[in-house]
$ cat start_5.cif   # mmCIF, C-alpha atoms
data_run
#
loop_
_atom_site.label_atom_id
_atom_site.label_comp_id
_atom_site.auth_asym_id
_atom_site.auth_seq_id
_atom_site.Cartn_x
_atom_site.Cartn_y
_atom_site.Cartn_z
CA MET Y 109 6.08 -5.03 -18.34
CA ILE Y 110 3.47 -4.59 -15.62
CA LYS Y 111 3.02 -1.19 -13.98
CA SER Y 112 2.36 -1.43 -10.24
CA TYR Y 113 1.09 1.97 -9.11
CA ALA Y 114 1.56 3.84 -5.83
CA LYS Y 115 -1.45 5.15 -3.92
CA VAL Y 116 -1.92 7.94 -1.40
CA ASN Y 117 -4.46 8.51 1.34
CA ILE Y 118 -6.00 11.95 0.93
CA ASN Y 119 -7.45 11.46 4.39
CA LEU Y 120 -7.42 8.58 6.88
CA LYS Y 121 -9.70 8.02 9.85
CA VAL Y 122 -8.86 5.07 12.09
CA LYS Y 123 -11.09 3.54 14.76
CA ARG Y 124 -10.06 1.97 18.03
CA LYS Y 125 -8.77 -1.60 17.66
CA TYR Y 126 -11.44 -4.29 17.79
CA ASN Y 127 -10.75 -8.03 17.48
CA GLU Y 128 -7.06 -7.27 16.82
CA PHE Y 129 -7.81 -5.01 13.85
CA HIS Y 130 -8.60 -1.36 13.15
CA LYS Y 131 -11.44 -0.20 10.93
CA ILE Y 132 -10.64 2.70 8.63
CA HIS Y 133 -12.38 5.30 6.50
CA SER Y 134 -10.13 6.78 3.84
CA LEU Y 135 -10.02 8.41 0.43
CA PHE Y 136 -7.49 6.52 -1.70
CA THR Y 137 -6.18 7.70 -5.05
CA ILE Y 138 -3.58 6.36 -7.47
CA VAL Y 139 -0.40 8.35 -8.14
CA GLU Y 140 -0.83 8.26 -11.88
CA ASP Y 141 2.84 8.67 -12.90
CA PHE Y 142 4.59 6.76 -10.09
CA TYR Y 143 4.91 2.99 -10.25
CA ASP Y 144 7.14 -0.04 -9.88
CA GLU Y 145 7.91 -2.12 -12.97
CA ILE Y 146 7.41 -5.90 -12.90
CA GLU Y 147 8.39 -8.57 -15.41
CA ILE Y 148 7.28 -12.21 -15.10
CA GLU Y 149 8.96 -15.14 -16.84
CA GLU Y 150 8.38 -18.86 -16.45
CA SER Y 151 11.33 -20.58 -14.81
CA THR Y 152 13.01 -23.90 -15.66
CA GLU Y 153 13.89 -24.30 -11.98
CA TYR Y 154 11.61 -25.82 -9.33
CA LYS Y 155 11.46 -22.63 -7.32
CA ASP Y 156 10.35 -19.02 -7.61
CA THR Y 157 13.10 -16.41 -7.76
CA LEU Y 158 12.84 -12.66 -7.47
CA PHE Y 159 15.33 -10.11 -8.73
CA CYS Y 160 15.02 -6.58 -7.40
CA ASN Y 161 17.06 -3.40 -7.27
CA VAL Y 162 16.29 -3.35 -3.52
CA LYS Y 163 18.19 -6.46 -2.48
CA GLU Y 164 16.43 -6.99 0.86
CA LEU Y 165 13.17 -7.60 -1.05
CA GLU Y 166 14.60 -10.57 -2.94
CA LYS Y 167 14.18 -12.86 0.10
CA GLU Y 168 11.08 -11.49 1.84
CA ASN Y 169 8.36 -10.29 -0.48
CA PHE Y 170 4.57 -10.48 -0.69
CA ILE Y 171 4.98 -11.77 -4.24
CA PHE Y 172 6.17 -15.14 -2.90
CA LYS Y 173 2.97 -15.41 -0.83
CA VAL Y 174 0.91 -14.62 -3.92
CA LEU Y 175 2.57 -17.33 -6.01
CA LYS Y 176 2.15 -19.85 -3.18
CA ILE Y 177 -1.59 -19.14 -2.93
CA LEU Y 178 -2.05 -19.26 -6.70
CA ARG Y 179 -0.33 -22.65 -6.75
CA GLU Y 180 -2.51 -23.94 -3.91
CA GLU Y 181 -5.59 -22.79 -5.82
CA ASN Y 182 -4.38 -24.51 -9.01
CA ILE Y 183 -4.22 -21.24 -10.93
CA ILE Y 184 -0.56 -21.87 -11.75
CA ASN Y 185 1.57 -25.02 -11.70
CA SER Y 186 4.88 -23.59 -12.88
CA PHE Y 187 7.58 -21.61 -11.10
CA TYR Y 188 8.57 -18.09 -12.09
CA LYS Y 189 11.37 -15.56 -12.31
CA ILE Y 190 10.07 -12.16 -11.23
CA ARG Y 191 11.97 -8.93 -11.85
CA VAL Y 192 10.93 -5.88 -9.89
CA GLN Y 193 12.25 -2.38 -10.45
CA LYS Y 194 11.32 -0.67 -7.17
CA ASN Y 195 10.66 3.03 -7.59
CA ILE Y 196 8.14 3.28 -4.74
CA PRO Y 197 10.16 3.48 -1.50
CA ILE Y 198 9.70 0.87 1.23
CA GLY Y 199 7.84 2.12 4.31
CA SER Y 200 6.60 5.23 2.52
CA GLY Y 201 2.85 4.87 3.05
CA LEU Y 202 2.30 4.48 -0.70
CA GLY Y 203 1.19 0.84 -0.71
CA GLY Y 204 4.02 -0.42 -2.88
CA GLY Y 205 4.17 -3.94 -1.45
CA SER Y 206 0.41 -4.49 -1.73
CA SER Y 207 0.37 -2.98 -5.21
CA ASN Y 208 3.12 -5.36 -6.35
CA ALA Y 209 1.32 -8.36 -4.87
CA ILE Y 210 -1.99 -7.62 -6.59
CA ALA Y 211 -0.31 -6.67 -9.88
CA VAL Y 212 1.28 -10.13 -9.98
CA ALA Y 213 -1.92 -11.89 -8.86
CA LYS Y 214 -4.02 -10.15 -11.54
CA HIS Y 215 -1.49 -11.14 -14.17
CA PHE Y 216 -2.60 -14.74 -13.57
CA THR Y 217 -6.23 -14.47 -12.47
CA ASN Y 218 -9.23 -12.19 -11.97
CA ASN Y 219 -11.03 -14.69 -9.73
CA LYS Y 220 -12.56 -12.50 -7.01
CA LYS Y 221 -12.55 -15.22 -4.38
CA ILE Y 222 -8.83 -15.90 -4.83
CA LEU Y 223 -7.91 -12.21 -4.97
CA LYS Y 224 -9.86 -11.69 -1.73
CA LYS Y 225 -7.94 -14.56 -0.10
CA ILE Y 226 -4.68 -12.90 -1.13
CA ALA Y 227 -5.84 -9.55 0.31
CA GLU Y 228 -6.74 -11.22 3.62
CA LYS Y 229 -3.24 -12.68 3.85
CA ILE Y 230 -1.36 -9.50 2.90
CA GLY Y 231 -3.19 -6.36 4.00
CA MET Y 232 -6.03 -3.89 3.67
CA ASP Y 233 -4.48 -1.83 0.85
CA CYS Y 234 -4.84 -4.84 -1.44
CA TYR Y 235 -8.62 -4.50 -1.80
CA PHE Y 236 -8.21 -1.05 -3.39
CA PHE Y 237 -5.69 -2.37 -5.92
CA ILE Y 238 -7.95 -5.34 -6.72
CA LYS Y 239 -10.76 -3.00 -7.77
CA GLY Y 240 -8.47 -1.02 -10.05
CA TYR Y 241 -10.21 2.31 -9.43
CA LYS Y 242 -8.25 5.54 -9.70
CA THR Y 243 -9.99 7.08 -6.67
CA ALA Y 244 -12.19 5.37 -4.08
CA ILE Y 245 -13.58 5.55 -0.57
CA VAL Y 246 -12.17 2.62 1.41
CA LYS Y 247 -13.92 1.53 4.62
CA GLY Y 248 -14.08 -1.26 7.17
CA TYR Y 249 -10.96 -3.41 7.19
CA GLY Y 250 -10.19 -2.23 3.66
CA GLU Y 251 -12.68 -4.60 2.04
CA LYS Y 252 -15.35 -1.96 1.34
CA VAL Y 253 -14.20 -0.05 -1.73
CA LYS Y 254 -16.53 2.39 -3.49
CA LYS Y 255 -15.53 4.30 -6.59
CA THR Y 256 -15.95 8.07 -6.33
CA LYS Y 257 -17.75 10.11 -8.97
CA LYS Y 258 -14.82 12.51 -9.19
CA GLU Y 259 -11.20 11.42 -9.48
CA VAL Y 260 -8.52 13.06 -7.36
CA LYS Y 261 -5.45 13.60 -9.50
CA ILE Y 262 -2.12 13.25 -7.71
CA LYS Y 263 1.24 13.07 -9.48
CA PHE Y 264 4.79 12.43 -8.29
CA LYS Y 265 5.50 16.17 -8.19
CA ASP Y 266 2.78 16.49 -5.53
CA LEU Y 267 4.67 14.24 -3.11
CA ILE Y 268 7.42 14.81 -0.58
CA ILE Y 269 9.52 11.63 -0.43
CA THR Y 270 11.24 11.78 2.94
CA GLY Y 271 13.41 8.66 2.71
CA VAL Y 272 12.26 7.46 6.15
CA ASN Y 273 11.16 3.81 6.38
CA CYS Y 274 8.05 3.70 8.60
CA ASN Y 275 6.97 0.37 10.08
CA THR Y 276 3.18 0.13 9.68
CA LYS Y 277 2.73 -2.34 12.54
CA GLU Y 278 4.67 -0.10 14.94
CA VAL Y 279 2.72 3.00 13.88
CA TYR Y 280 -0.58 1.24 14.66
CA GLU Y 281 0.82 0.05 18.00
CA LYS Y 282 1.76 3.64 18.85
CA PHE Y 283 -1.73 4.72 17.72
CA ASP Y 284 -3.20 2.36 20.35
CA GLU Y 285 -0.68 3.31 23.02
CA ILE Y 286 -1.38 7.07 22.85
CA GLU Y 287 -5.13 6.57 22.23
CA ALA Y 288 -4.92 8.47 18.98
CA TRP Y 289 -8.45 7.36 18.01
CA LYS Y 290 -9.57 10.32 20.16
CA ASN Y 291 -7.97 12.78 17.70
CA LYS Y 292 -11.00 12.68 15.40
CA TYR Y 293 -10.27 16.01 13.72
CA GLU Y 294 -6.88 14.93 12.34
CA SER Y 295 -7.01 14.47 8.55
CA ASN Y 296 -4.69 11.48 8.95
CA MET Y 297 -5.08 9.91 12.38
CA LEU Y 298 -1.84 7.95 11.99
CA GLU Y 299 0.24 11.07 11.51
CA ILE Y 300 0.78 11.94 15.20
CA PRO Y 301 1.73 8.33 16.15
CA ALA Y 302 4.17 8.24 13.22
CA LEU Y 303 5.74 11.57 14.22
CA LYS Y 304 6.25 10.28 17.75
CA LEU Y 305 8.04 7.20 16.43
CA TYR Y 306 9.96 9.07 13.73
CA PRO Y 307 10.60 12.65 14.93
CA GLU Y 308 12.70 13.30 11.83
CA LEU Y 309 9.38 13.59 9.98
CA ILE Y 310 8.20 16.59 12.01
CA GLU Y 311 9.91 19.11 9.71
CA TYR Y 312 7.69 17.99 6.81
CA ARG Y 313 4.40 18.61 8.62
CA GLU Y 314 4.35 22.29 7.73
CA MET Y 315 4.74 21.45 4.05
CA GLY Y 316 2.18 18.70 3.72
CA GLN Y 317 0.00 15.94 5.08
CA MET Y 318 1.22 12.41 5.64
CA SER Y 319 -0.06 9.50 3.54
CA GLY Y 320 -1.03 6.25 5.25
CA SER Y 321 1.30 5.20 8.06
CA GLY Y 322 4.10 7.34 6.58
CA SER Y 323 6.58 8.45 5.57
CA THR Y 324 5.52 10.27 2.38
CA PHE Y 325 3.76 13.63 2.60
CA ILE Y 326 1.34 15.15 0.09
CA LYS Y 327 2.09 18.81 -0.52
CA LYS Y 328 -0.54 21.15 0.94
CA THR Y 329 -0.67 23.05 -2.33
CA SER Y 330 -1.74 19.82 -4.07
CA LEU Y 331 -4.43 19.04 -1.50
CA SER Y 332 -5.98 22.49 -1.90
CA LYS Y 333 -6.33 22.23 -5.70
#
$ encode --input "start_5.cif" --output "structure tokens"
Amino acid sequence: MIKSYAKVNINLKVKRKYNEFHKIHSLFTIVEDFYDEIEIEESTEYKDTLFCNVKELEKENFIFKVLKILREENIINSFYKIRVQKNIPIGSGLGGGSSNAIAVAKHFTNNKKILKKIAEKIGMDCYFFIKGYKTAIVKGYGEKVKKTKKEVKIKFKDLIITGVNCNTKEVYEKFDEIEAWKNKYESNMLEIPALKLYPELIEYREMGQMSGSGSTFIKKTSLSK
């Protein structure tokens, strides 16, 4: 069984969009006791199949992209049955999809060039999971990952799981629309755009700080430790 860990953003600075992308500067850390569980088994069928407790992920999943790239790069030549027990909520700002993708990729290869290609196809959170650090400063388009001297310890009890499914693409679009790059003193510069899109999150702002593009919040008492 492969453990695919959640991450949180302790802070997140986002720059104005340039060449269709946003540069970031963020402190990432693993949630050390919160993860999805993945099992991989070679299939006798000529197709990849995915079984998941969240049914909508059985058809559209980053894992299929990973297997396709690995096949194109001649890392694998078989097809696989993948079982995923999703504990990390979808659209929670905890990087679950990227974590799953890299967990599967690293099961088959540690080739840096291929892992980088996968990250480019899937998203900026992937680079952090490729490195495997517990805590790191992540910059640029996610590709600059530097391990910190001191680890930030966050556990599941430090999180507020809101149950809201935030769409990352829409949060970034709202960020551009309201020119949120001007709010340089916000600890998470995606928080205000997310709250405008999902006003049901506003009640949690007094209790914590949002992670990533939402919807999970980190308790203020945990951030002040």
$ resolve_selection --input "start_5.cif" --expression "the PyMOL selection byres ((chain Y and resi 204) around 8)" --output "PyMOL selection string"
chain Y and resi 112-115+144+196-198+202-203+205-208
$ write_last_selection --input "start_5.cif" --atoms "C-alpha atoms" --output "mmCIF file, in the coordinates of the input"
data_model
loop_
_atom_site.group_PDB
_atom_site.id
_atom_site.type_symbol
_atom_site.label_atom_id
_atom_site.label_comp_id
_atom_site.auth_asym_id
_atom_site.auth_seq_id
_atom_site.Cartn_x
_atom_site.Cartn_y
_atom_site.Cartn_z
ATOM 1 C CA SER Y 112 2.360 -1.430 -10.240
ATOM 2 C CA TYR Y 113 1.090 1.970 -9.110
ATOM 3 C CA ALA Y 114 1.560 3.840 -5.830
ATOM 4 C CA LYS Y 115 -1.450 5.150 -3.920
ATOM 5 C CA ASP Y 144 7.140 -0.040 -9.880
ATOM 6 C CA ILE Y 196 8.140 3.280 -4.740
ATOM 7 C CA PRO Y 197 10.160 3.480 -1.500
ATOM 8 C CA ILE Y 198 9.700 0.870 1.230
ATOM 9 C CA LEU Y 202 2.300 4.480 -0.700
ATOM 10 C CA GLY Y 203 1.190 0.840 -0.710
ATOM 11 C CA GLY Y 205 4.170 -3.940 -1.450
ATOM 12 C CA SER Y 206 0.410 -4.490 -1.730
ATOM 13 C CA SER Y 207 0.370 -2.980 -5.210
ATOM 14 C CA ASN Y 208 3.120 -5.360 -6.350
#
$ residues_around --input "start_5.cif" --residues "Ser319 in chain Y" --least-positions-apart "3" --cutoff "12 Å" --atoms "only C-alpha atoms" --output "number ranges by chain"
Y: 114-121, 134-139, 199-203, 266-270, 274, 276, 295-300, 302, 312-313, 316, 322-328, 331
$ closest_residue --input "start_5.cif" --among "Y:Lys189, Y:Lys277, Y:Lys247, Y:Lys239" --to "Glu153 in chain Y" --atoms "only C-alpha atoms"
Y:Lys189
$ residues_around --input "start_5.cif" --residues "Glu281 in chain Y" --least-positions-apart "6" --cutoff "12 Å" --atoms "all atoms listed in the file" --output "NGL selection string"
:Y and (124-125 or 128-130 or 275 or 287-289 or 298 or 301-302 or 304-305 or 321)
$ write_last_selection --input "start_5.cif" --atoms "C-alpha atoms" --output "short mmCIF file (atom, residue, chain, number, x, y, z; two decimals), keeping the file's coordinate frame"
data_model
loop_
_atom_site.label_atom_id
_atom_site.label_comp_id
_atom_site.auth_asym_id
_atom_site.auth_seq_id
_atom_site.Cartn_x
_atom_site.Cartn_y
_atom_site.Cartn_z
CA ARG Y 124 -10.06 1.97 18.03
CA LYS Y 125 -8.77 -1.60 17.66
CA GLU Y 128 -7.06 -7.27 16.82
CA PHE Y 129 -7.81 -5.01 13.85
CA HIS Y 130 -8.60 -1.36 13.15
CA ASN Y 275 6.97 0.37 10.08
CA GLU Y 287 -5.13 6.57 22.23
CA ALA Y 288 -4.92 8.47 18.98
CA TRP Y 289 -8.45 7.36 18.01
CA LEU Y 298 -1.84 7.95 11.99
CA PRO Y 301 1.73 8.33 16.15
CA ALA Y 302 4.17 8.24 13.22
CA LYS Y 304 6.25 10.28 17.75
CA LEU Y 305 8.04 7.20 16.43
CA SER Y 321 1.30 5.20 8.06
#
$ closest_atom_pairs --input "start_5.cif" --of "range 190-259 of chain Y" --to "range 156-168 of chain Y" --cutoff "6 Å" --atoms "all atoms listed in the file" --output "tab-separated table"
residue	atom	partner	partner_atom	distance
Y:Ile190	CA	Y:Leu158	CA	4.7
Y:Arg191	CA	Y:Phe159	CA	4.7
Y:Val192	CA	Y:Cys160	CA	4.8
Y:Gln193	CA	Y:Asn161	CA	5.9
$ atom_distance --input "start_5.cif" --atom1 "CA of Leu309 in chain Y" --atom2 "CA of Lys123 in chain Y"
23.3 Å
$ resolve_selection --input "start_5.cif" --expression "the PyMOL selection byres ((chain Y and resi 177) around 12)" --output "ChimeraX atom specification"
/Y:170-176,178-185,209,212-213,216-217,221-230
$ atom_distance --input "start_5.cif" --atom1 "CA of Asn127 in chain Y" --atom2 "CA of Asp284 in chain Y"
13.2 Å
$ atom_distance --input "start_5.cif" --atom1 "CA of Lys263 in chain Y" --atom2 "CA of Met315 in chain Y"
16.3 Å
$ closest_residue --input "start_5.cif" --among "Y:Lys292, Y:Lys242, Y:Lys155, Y:Lys261" --to "Ser332 in chain Y" --atoms "all atoms listed in the file"
Y:Lys261
